[in-house]
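Okay, so here's the structure we're looking at.
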Amino acid sequence: MNTSLMQFILSNYRPVLEITIMAVFFYFIFIFIRGTRTVQVVKGLIILVFIFFLAQKLHLVTISWLLTRFFTFSIIACVVIFQPELRKALATLGRRPFFSPYIVEEEVFDALVSSAATLSAKKIGGLIAIERYTGLRNYVDSGIKLDAKISSELIHTIFMPSTPLHDGGVVIQGDRVAAASCLFPLSQKPNLNRSLGTRHRAAIGLTEETDAVVIVISEETGTISVVSEEKIVRDFDEMSLKKKLKEILVKNKDTSGKSV
């Protein structure tokens, strides 16, 4: 009995392994594109495939010919259409999740939290990106390079409306303010809350392409938000903001804030 079972397993493990791998692959593809504009494109492609097989079945020669020519160039079309998503997927594969966790010193947390609280109290808009494993050099190059020791006073000064660097975002690398007035990509998600302004969309857009953590201070309401992994959590005070940053950056389980 054991010999027969072993022979059955050895003769059938390849199909089972292939099905399992493909199931996991498509599962992660679904998780990856869920909530993005890619979903609408995939739905459109599925509809075209359905029409193609229907045309084949009903012998609709012209439609079959047109769709056959379309599918011939579909690979190139997919590369063009899904270029942002493909770039993000490759960047995700290149990250280092199995290495030691990203280390942030206590003084960096203190400076970030203090500056965010000050900006919030004065209703001064702010956009602060904290680099993790994915490099933010492209975004640093889009702004004004500073390479200055981080401090709450420096960040506060940068975002003062009268200063030439207040537009755009600040990039934090380690314990340094790498650059200010940086340009971040705006999110193209169709289902974002309409109340979110340009800063919040830029923060979400940056986390769509990198693993950065972004702090956003609303100019209209003074609300402090944290964006990570394309998700935004709002309504932080000084204490809860520090807890949230530590939860994300040093794996601390304590958290607060309202997810939207």
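Chain lettering (A, B, ...) mirrors the order of the structure tokens, residue numbering begins at 1 for each chain separately, and ligand numbering begins at 1 in order of display.
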Which residues, written as a list in words, have at least one atom at most 7 Å from Arg199 (chain A), with only C-alpha atoms counted and residues fewer than 4 positions away on the same chain left out? Leu127, Ala203 and Val216 of chain A
Can you write out as a tab-separated table which residues of region 204-258 of chain A fall within 10 Å of region 185-194 of chain A, alongside each residue's closest atom pair and its distance in Å to one decimal, counting only C-alpha atoms and ordering rows by chain and ascending residue number?
residue	atom	partner	partner_atom	distance
A:Ile204	CA	A:Ser187	CA	5.8
A:Gly205	CA	A:Ser187	CA	3.9
A:Leu206	CA	A:Pro185	CA	5.8
A:Thr207	CA	A:Ser187	CA	9.0
A:Glu208	CA	A:Ser187	CA	7.5
A:Glu209	CA	A:Pro185	CA	8.6
A:Glu230	CA	A:Ser187	CA	9.1
Include C-alpha atoms and write out the residues we just selected as a tab-separated table (two decimals), in the first residue's frame.
chain	number	residue	atom	x	y	z
A	204	ILE	CA	0.06	57.52	-2.21
A	205	GLY	CA	1.67	57.71	-5.65
A	206	LEU	CA	5.15	57.45	-4.13
A	207	THR	CA	4.18	54.38	-2.10
A	208	GLU	CA	2.76	52.79	-5.25
A	209	GLU	CA	6.26	52.79	-6.73
A	230	GLU	CA	-0.53	52.56	-0.83
With distances taken over only C-alpha atoms, which residue among A:Asp235, A:Ile144, A:Ile150, A:Thr20 lies nearest Pro164 (chain A)? A:Ile144
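CA of Phe28 (chain A) to CA of Leu245 (chain A) spans 26.6 Å [interatomic distance, one decimal].
Proximity to Ile232 (chain A) was assessed for A:Pro161, A:Val41, A:Glu219, A:Val213 counting only C-alpha atoms; the smallest distance is recorded for A:Val213.
Our summary of the geometry notes that CA of Phe184 (chain A) is positioned 21.8 Å from CA of Ser152 (chain A).
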Apply DSSP to the backbone of this structure and, from region 61-248 of chain A, keep only the residues in strand (DSSP E); write these as an MDAnalysis selection string. chainID A and resid 126:130 144:149 169:173 176:182 213:217 224:228 231:234
What lies within 9 Å of Leu154 (chain A) using only C-alpha atoms, ignoring chain neighbours under 6 positions off, as a PDB file with C-alpha atoms, in the first residue's frame?
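The new file around_24.pdb reads:
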ATOM      1  CA  SER A 115       8.051  68.878  13.066  1.00  0.00           C
ATOM      2  CA  ALA A 148      21.697  68.093   6.201  1.00  0.00           C
ATOM      3  CA  VAL A 177      17.421  65.447   5.045  1.00  0.00           C
TER       4      VAL A 177
END
Which residue, A:Thr157, A:Ser181, A:Thr198, A:Thr62, has the smallest gap to Ser142 (chain A) when you use only C-alpha atoms?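 Under the stated criterion, the closest residue is A:Ser181.
The residue that comes closest to Val108 (chain A), out of A:Lys145, A:Arg69, A:Lys246, A:Lys43 and on the basis of only C-alpha atoms, is A:Lys246.
Of the listed residues (A:Thr210, A:Gln173, A:Ser225, A:Ser120), A:Ser225 comes nearest to Leu196 (chain A); the distances count only C-alpha atoms.
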From the set A:Leu146, A:Ala202, A:Leu67, A:Leu249, which residue has the shortest atom-to-atom contact distance to Leu45 (chain A), counting only C-alpha atoms? A:Leu67
